[in-house]
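Trainee: Below is the file start-v1.csv, with CSV, C-alpha atoms.
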```
chain,number,residue,atom,x,y,z
A,1,ARG,CA,-24.4,226.5,29.9
A,2,ALA,CA,-27.1,224.0,30.7
A,3,ARG,CA,-28.9,224.9,27.5
A,4,HIS,CA,-25.8,224.4,25.4
A,5,VAL,CA,-25.1,221.0,27.0
A,6,SER,CA,-28.7,219.8,26.3
A,7,SER,CA,-28.5,220.8,22.6
A,8,HIS,CA,-25.0,219.8,21.7
A,9,ASP,CA,-23.1,216.6,21.4
A,10,ALA,CA,-20.3,216.3,24.0
A,11,LEU,CA,-18.0,214.3,21.9
A,12,THR,CA,-17.9,216.4,18.7
A,13,GLY,CA,-19.3,219.7,19.9
A,14,LEU,CA,-21.8,219.7,17.1
A,15,PRO,CA,-25.6,220.4,17.7
A,16,ASN,CA,-27.6,217.3,18.4
A,17,ARG,CA,-31.0,216.0,17.2
A,18,VAL,CA,-32.8,218.3,19.7
A,19,ALA,CA,-31.0,221.3,18.3
A,20,LEU,CA,-31.8,220.2,14.7
A,21,LEU,CA,-35.6,220.1,15.5
A,22,GLN,CA,-35.4,223.5,17.1
A,23,HIS,CA,-33.5,224.8,14.1
A,24,LEU,CA,-36.1,223.5,11.7
A,25,GLU,CA,-38.9,225.0,13.7
A,26,ARG,CA,-37.2,228.3,13.7
A,27,LEU,CA,-37.0,228.1,9.9
A,28,ARG,CA,-40.7,227.3,9.7
A,29,LEU,CA,-41.7,230.3,11.8
A,30,ALA,CA,-39.2,232.9,10.5
A,31,HIS,CA,-38.9,232.2,6.8
A,32,HIS,CA,-40.5,234.8,4.5
A,33,HIS,CA,-40.8,232.5,1.5
A,34,PRO,CA,-43.1,229.6,2.4
A,35,ASP,CA,-42.5,227.8,-0.9
A,36,ALA,CA,-38.7,227.7,-0.3
A,37,ALA,CA,-37.3,224.3,0.4
A,38,VAL,CA,-35.5,222.7,3.3
A,39,SER,CA,-33.3,219.7,2.6
A,40,LEU,CA,-32.0,217.2,5.1
A,41,TYR,CA,-29.0,215.0,4.4
A,42,LEU,CA,-28.8,212.1,6.9
A,43,ILE,CA,-25.3,210.5,6.9
A,44,ASN,CA,-24.4,207.1,8.2
A,45,LEU,CA,-20.8,205.8,8.5
A,46,VAL,CA,-20.6,202.3,6.9
A,47,GLN,CA,-19.6,199.4,9.1
A,48,PHE,CA,-18.5,201.8,11.9
A,49,ARG,CA,-19.3,199.2,14.6
A,50,LEU,CA,-16.8,196.8,13.0
A,51,LEU,CA,-14.2,199.5,12.9
A,52,ASN,CA,-14.9,200.3,16.6
A,53,ALA,CA,-14.3,196.7,17.4
A,54,SER,CA,-11.1,196.7,15.4
A,55,ILE,CA,-9.3,199.8,16.6
A,56,GLY,CA,-11.1,200.5,19.9
A,57,ALA,CA,-13.5,203.1,21.3
A,58,VAL,CA,-10.9,205.7,22.1
A,59,ARG,CA,-9.5,205.9,18.5
A,60,CYS,CA,-13.0,205.8,17.1
A,61,ASP,CA,-14.0,208.8,19.3
A,62,ASP,CA,-11.0,210.6,17.7
A,63,LEU,CA,-12.2,209.5,14.3
A,64,LEU,CA,-15.7,210.8,14.9
A,65,ARG,CA,-14.3,214.2,16.0
A,66,GLN,CA,-12.2,214.4,12.8
A,67,PHE,CA,-15.2,213.3,10.7
A,68,ALA,CA,-17.3,216.1,12.3
A,69,ALA,CA,-14.7,218.7,11.5
A,70,ARG,CA,-14.4,217.4,7.9
A,71,LEU,CA,-18.2,217.5,7.6
A,72,ALA,CA,-18.3,221.1,8.8
A,73,GLN,CA,-15.7,222.0,6.1
A,74,VAL,CA,-17.8,220.3,3.4
A,75,ALA,CA,-21.0,222.1,4.5
A,76,ARG,CA,-22.0,225.2,2.6
A,77,PRO,CA,-22.6,228.6,4.2
A,78,GLY,CA,-25.9,228.5,6.1
A,79,ASP,CA,-26.0,224.8,6.5
A,80,PHE,CA,-26.7,223.3,9.9
A,81,VAL,CA,-24.4,220.4,10.8
A,82,VAL,CA,-25.6,217.9,13.4
A,83,HIS,CA,-24.3,214.8,15.2
A,84,PHE,CA,-27.2,212.5,16.0
A,85,GLY,CA,-25.0,210.3,18.0
A,86,ALA,CA,-22.8,207.2,17.3
A,87,ASP,CA,-22.3,206.9,13.6
A,88,HIS,CA,-25.1,209.2,12.4
A,89,PHE,CA,-24.7,212.8,11.3
A,90,ALA,CA,-26.9,215.3,9.4
A,91,ILE,CA,-26.8,218.5,7.4
A,92,ALA,CA,-29.9,220.7,7.1
A,93,SER,CA,-29.9,223.1,4.2
A,94,ALA,CA,-32.3,225.9,3.4
A,95,ASN,CA,-31.2,227.1,0.0
A,96,GLY,CA,-34.3,228.3,-1.9
A,97,GLU,CA,-36.0,225.9,-4.4
A,98,PHE,CA,-35.2,222.2,-4.1
A,99,ARG,CA,-33.6,220.7,-7.2
A,100,SER,CA,-32.8,217.0,-7.2
A,101,ALA,CA,-29.8,217.4,-9.5
A,102,ALA,CA,-28.2,220.0,-7.2
A,103,ALA,CA,-29.0,217.8,-4.2
A,104,ALA,CA,-27.4,214.8,-5.8
A,105,GLU,CA,-24.3,216.9,-6.7
A,106,PHE,CA,-23.9,218.1,-3.1
A,107,ALA,CA,-24.3,214.5,-1.8
A,108,GLU,CA,-21.5,213.3,-4.1
A,109,GLN,CA,-19.3,216.2,-3.0
A,110,LEU,CA,-20.1,215.4,0.6
A,111,LEU,CA,-19.2,211.8,0.2
A,112,ALA,CA,-16.0,212.6,-1.6
A,113,GLY,CA,-15.0,215.2,0.9
A,114,VAL,CA,-15.3,212.9,4.0
A,115,SER,CA,-13.9,209.7,2.5
A,116,HIS,CA,-10.1,210.6,2.6
A,117,GLY,CA,-7.7,209.1,5.1
A,118,TYR,CA,-7.9,210.0,8.8
A,119,GLY,CA,-4.8,210.0,10.9
A,120,LEU,CA,-4.9,208.0,14.2
A,121,GLY,CA,-1.4,208.2,15.6
A,122,SER,CA,0.4,204.9,15.4
A,123,VAL,CA,-2.5,203.3,13.5
A,124,ALA,CA,-2.4,203.4,9.7
A,125,PRO,CA,-4.6,206.0,8.2
A,126,VAL,CA,-8.3,205.0,8.1
A,127,SER,CA,-10.6,205.7,5.2
A,128,LEU,CA,-14.3,206.0,5.8
A,129,ALA,CA,-17.3,205.2,3.6
A,130,ALA,CA,-20.7,206.8,4.2
A,131,ARG,CA,-24.2,206.6,2.9
A,132,VAL,CA,-26.7,209.5,2.7
A,133,GLY,CA,-30.5,209.6,2.9
A,134,ILE,CA,-32.1,212.8,1.5
A,135,SER,CA,-35.5,214.3,2.3
A,136,SER,CA,-37.0,217.7,1.6
A,137,ALA,CA,-40.0,219.8,2.2
A,138,THR,CA,-41.2,223.3,1.6
A,139,ILE,CA,-41.3,225.7,4.5
A,140,ARG,CA,-45.1,225.7,4.3
A,141,GLN,CA,-45.2,221.9,4.8
A,142,LEU,CA,-42.2,221.6,7.1
A,143,ASP,CA,-42.4,219.2,10.1
A,144,GLY,CA,-39.1,218.5,11.6
A,145,ASN,CA,-39.9,215.0,12.9
A,146,VAL,CA,-41.4,214.0,9.5
A,147,LEU,CA,-38.4,215.4,7.6
A,148,VAL,CA,-36.0,213.3,9.8
A,149,ASN,CA,-38.2,210.2,9.5
A,150,GLU,CA,-38.2,210.5,5.7
A,151,ALA,CA,-34.5,210.9,5.6
A,152,GLU,CA,-34.1,207.8,7.8
A,153,LEU,CA,-36.3,205.8,5.3
A,154,ALA,CA,-34.2,207.0,2.4
A,155,LEU,CA,-31.0,206.0,4.3
A,156,ALA,CA,-32.4,202.6,5.0
A,157,ARG,CA,-32.9,202.1,1.3
A,158,THR,CA,-29.2,202.6,0.7
A,159,ARG,CA,-28.5,199.7,3.0
A,160,GLU,CA,-30.7,197.4,0.9
A,161,ASP,CA,-28.9,198.5,-2.3
A,162,GLU,CA,-25.2,198.3,-1.7
A,163,SER,CA,-24.5,200.1,-5.1
A,164,ALA,CA,-26.3,203.2,-3.9
A,165,SER,CA,-24.3,205.7,-1.8
A,166,TYR,CA,-27.3,208.1,-1.5
A,167,GLU,CA,-31.0,208.0,-2.0
A,168,PHE,CA,-33.9,210.4,-2.2
A,169,TYR,CA,-37.0,209.8,-0.1
A,170,ALA,CA,-40.0,208.6,-2.0
A,171,PRO,CA,-43.5,208.1,-0.4
A,172,SER,CA,-43.5,204.4,-1.4
A,173,PHE,CA,-40.6,203.8,1.1
A,174,GLY,CA,-43.1,204.3,4.0
A,175,ASP,CA,-45.6,202.0,2.4
A,176,GLU,CA,-42.9,199.3,2.0
A,177,VAL,CA,-41.9,199.6,5.6
A,178,ARG,CA,-45.4,199.4,6.8
A,179,ALA,CA,-46.0,196.3,4.6
A,180,ARG,CA,-42.9,194.6,6.1
A,181,HIS,CA,-44.0,195.3,9.6
A,182,ALA,CA,-47.5,194.0,8.9
A,183,LEU,CA,-46.1,190.8,7.4
A,184,ARG,CA,-43.8,190.3,10.4
A,185,ARG,CA,-46.7,190.9,12.8
A,186,ASP,CA,-48.9,188.3,10.9
A,187,ILE,CA,-46.1,185.8,10.9
A,188,GLU,CA,-45.5,186.2,14.7
A,189,ARG,CA,-49.3,185.8,15.3
A,190,GLY,CA,-49.4,182.7,13.0
A,191,ILE,CA,-46.5,181.1,14.9
A,192,ALA,CA,-48.1,181.8,18.3
A,193,ALA,CA,-51.4,180.3,17.0
A,194,GLY,CA,-49.7,177.2,15.6
A,195,GLU,CA,-50.8,178.0,12.1
A,196,PHE,CA,-47.4,177.2,10.6
A,197,PHE,CA,-46.2,173.6,9.9
A,198,CYS,CA,-43.5,172.0,7.9
A,199,LEU,CA,-44.1,169.8,4.8
A,200,LEU,CA,-41.5,167.6,3.1
A,201,GLN,CA,-41.8,167.4,-0.7
A,202,PRO,CA,-38.9,165.4,-2.1
A,203,LYS,CA,-37.7,166.3,-5.6
A,204,LEU,CA,-36.1,163.6,-7.8
A,205,ALA,CA,-34.4,163.9,-11.2
A,206,LEU,CA,-35.8,160.8,-13.0
A,207,ASP,CA,-33.1,160.9,-15.7
A,208,SER,CA,-30.4,160.3,-13.1
A,209,ILE,CA,-32.2,157.3,-11.4
A,210,SER,CA,-31.8,154.0,-13.1
A,211,ASP,CA,-34.2,152.0,-10.8
A,212,PHE,CA,-37.2,154.1,-9.7
A,213,ARG,CA,-40.4,152.6,-8.3
A,214,LEU,CA,-43.5,154.1,-6.7
```
Can I see the file as structure tokens?

Mentor:
Amino acid sequence: RARHVSSHDALTGLPNRVALLQHLERLRLAHHHPDAAVSLYLINLVQFRLLNASIGAVRCDDLLRQFAARLAQVARPGDFVVHFGADHFAIASANGEFRSAAAAEFAEQLLAGVSHGYGLGSVAPVSLAARVGISSATIRQLDGNVLVNEAELALARTREDESASYEFYAPSFGDEVRARHALRRDIERGIAAGEFFCLLQPKLALDSISDFRL
């Protein structure tokens, strides 16, 4: 009982992040094909906090339970469905060789399958939008924490590009994040050291000024 509580989300009944990492480790240790791929689809509900403020926490809890059930229906046999907490879910899949076209097709099916209206009693049906960050690794290279972090970076990229509903992880994403953090650190240090100051440089359109003198 205690083990189940520690590895499952109380609201949805789905496995949690701890269970996901344990599942990935079991795959790494038990899989007989080290070049087979594991894919992680990290799912975030768009503007869920705004929805929570609009319809209330109780209805949103019901909405999350319905979303979890819908996600389990969309998942394929052998997929491991997870609730990270709040508005984040994930699906881990170990289906042989990784093919980006097949992963993109599944992401689109997933998004279509969970977007339809959700009934909330007296409230009008609610439609949900989601974004997906996708990462993958071979069994030989599999590190659960790294796989999750890479999916998070891919998901963050979808927030920067509103036209993208899903994104594959690329190594450059980590470089970009580190560069932004370094820039922010340098700016904070510069402010603390008094290295920043304001300059005023007026700009005048001479063709619109009839009487201009230096």

Trainee: Hey, which bits of segment 68-105 of chain A sit within 8 Å of segment 7-29 of chain A, and for each residue what's the closest pair of atoms and how far apart in Å (one decimal), counting only C-alpha atoms, rows by chain and increasing number, as a tab-separated table?

Mentor:
```
residue	atom	partner	partner_atom	distance
A:Ala68	CA	A:Thr12	CA	6.4
A:Phe80	CA	A:Leu20	CA	7.7
A:Val81	CA	A:Leu14	CA	6.9
A:Val82	CA	A:Pro15	CA	5.0
A:His83	CA	A:Asn16	CA	5.2
A:Phe84	CA	A:Arg17	CA	5.3
A:Gly85	CA	A:Asp9	CA	7.4
A:Ala92	CA	A:Leu20	CA	7.8
```

Trainee: Any idea what the distance is between atom CA of Ala72 of chain A and atom CA of Ala2 of chain A?

Mentor: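 Straight-line distance from atom CA of Ala72 of chain A to atom CA of Ala2 of chain A works out to 23.8 Å.
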
Trainee: Counting all atoms listed in the file, what is within 10 Å of Phe98 of chain A, bar same-chain residues fewer than 6 positions away, as a ChimeraX atom specification?

Mentor: /A:35-39,136-138

Trainee: Could you check the closest approach to Arg131 of chain A for each of A:Ala30, A:Leu64, A:Leu42, A:Ala104 and tell me which residue wins, using only C-alpha atoms?

Mentor: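 Result for the nearest residue to Arg131 of chain A: A:Leu42.
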
Trainee: A:Leu40, A:Gln201, A:Ala86, A:Ser172: which is nearest Val148 of chain A, counting all atoms listed in the file?

Mentor: A:Leu40

Trainee: Which value, in Å to one decimal, gives the distance between atom CA of Ser54 of chain A and atom CA of Ala151 of chain A?

Mentor: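 Value for the atom CA of Ser54 of chain A-atom CA of Ala151 of chain A distance: 29.1 Å.
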
Trainee: Which residues are near Leu110 of chain A? Cut-off 12 Å, all atoms listed in the file, ignore same chain within fewer than 6 positions. Put them as a PyMOL selection string.

Mentor: chain A and resi 41-43+67+70-76+89-91+103-104+116+129-132+165-166

Trainee: Write the selection just made, keeping C-alpha atoms, as an mmCIF file, in the frame of the given file?

Mentor:
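Heads up, here's the output in part_6.cif:
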```
data_model
loop_
_atom_site.group_PDB
_atom_site.id
_atom_site.type_symbol
_atom_site.label_atom_id
_atom_site.label_comp_id
_atom_site.auth_asym_id
_atom_site.auth_seq_id
_atom_site.Cartn_x
_atom_site.Cartn_y
_atom_site.Cartn_z
ATOM 1 C CA TYR A 41 -29.000 215.000 4.400
ATOM 2 C CA LEU A 42 -28.800 212.100 6.900
ATOM 3 C CA ILE A 43 -25.300 210.500 6.900
ATOM 4 C CA PHE A 67 -15.200 213.300 10.700
ATOM 5 C CA ARG A 70 -14.400 217.400 7.900
ATOM 6 C CA LEU A 71 -18.200 217.500 7.600
ATOM 7 C CA ALA A 72 -18.300 221.100 8.800
ATOM 8 C CA GLN A 73 -15.700 222.000 6.100
ATOM 9 C CA VAL A 74 -17.800 220.300 3.400
ATOM 10 C CA ALA A 75 -21.000 222.100 4.500
ATOM 11 C CA ARG A 76 -22.000 225.200 2.600
ATOM 12 C CA PHE A 89 -24.700 212.800 11.300
ATOM 13 C CA ALA A 90 -26.900 215.300 9.400
ATOM 14 C CA ILE A 91 -26.800 218.500 7.400
ATOM 15 C CA ALA A 103 -29.000 217.800 -4.200
ATOM 16 C CA ALA A 104 -27.400 214.800 -5.800
ATOM 17 C CA HIS A 116 -10.100 210.600 2.600
ATOM 18 C CA ALA A 129 -17.300 205.200 3.600
ATOM 19 C CA ALA A 130 -20.700 206.800 4.200
ATOM 20 C CA ARG A 131 -24.200 206.600 2.900
ATOM 21 C CA VAL A 132 -26.700 209.500 2.700
ATOM 22 C CA SER A 165 -24.300 205.700 -1.800
ATOM 23 C CA TYR A 166 -27.300 208.100 -1.500
#
```

Trainee: Using all atoms listed in the file, which of A:Ser135, A:Arg184, A:Gly78, A:Leu142 sits nearest Ala154 of chain A?

Mentor: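 Closest candidate: A:Ser135.
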
Trainee: Can you measure atom CA of Asp79 of chain A to atom CA of Glu150 of chain A for me? One decimal in Å is fine.

Mentor: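 Pair atom CA of Asp79 of chain A / atom CA of Glu150 of chain A returns 18.8 Å.
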
Trainee: Measuring between only C-alpha atoms, which one of A:Glu195, A:Gly119, A:Ala170, A:Arg189 shows the shortest distance to Asp62 of chain A?

Mentor: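 Looking only at the distances to Asp62 of chain A, the closest residue turns out to be A:Gly119.
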
Trainee: Give the answer as one residue: which of A:Leu50, A:Ala124, A:Ala101, A:Leu147 has the shortest atom-to-atom distance to Asp87 of chain A, using all atoms listed in the file?

Mentor: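 The shortest atom-to-atom distance to Asp87 of chain A comes from A:Leu50.
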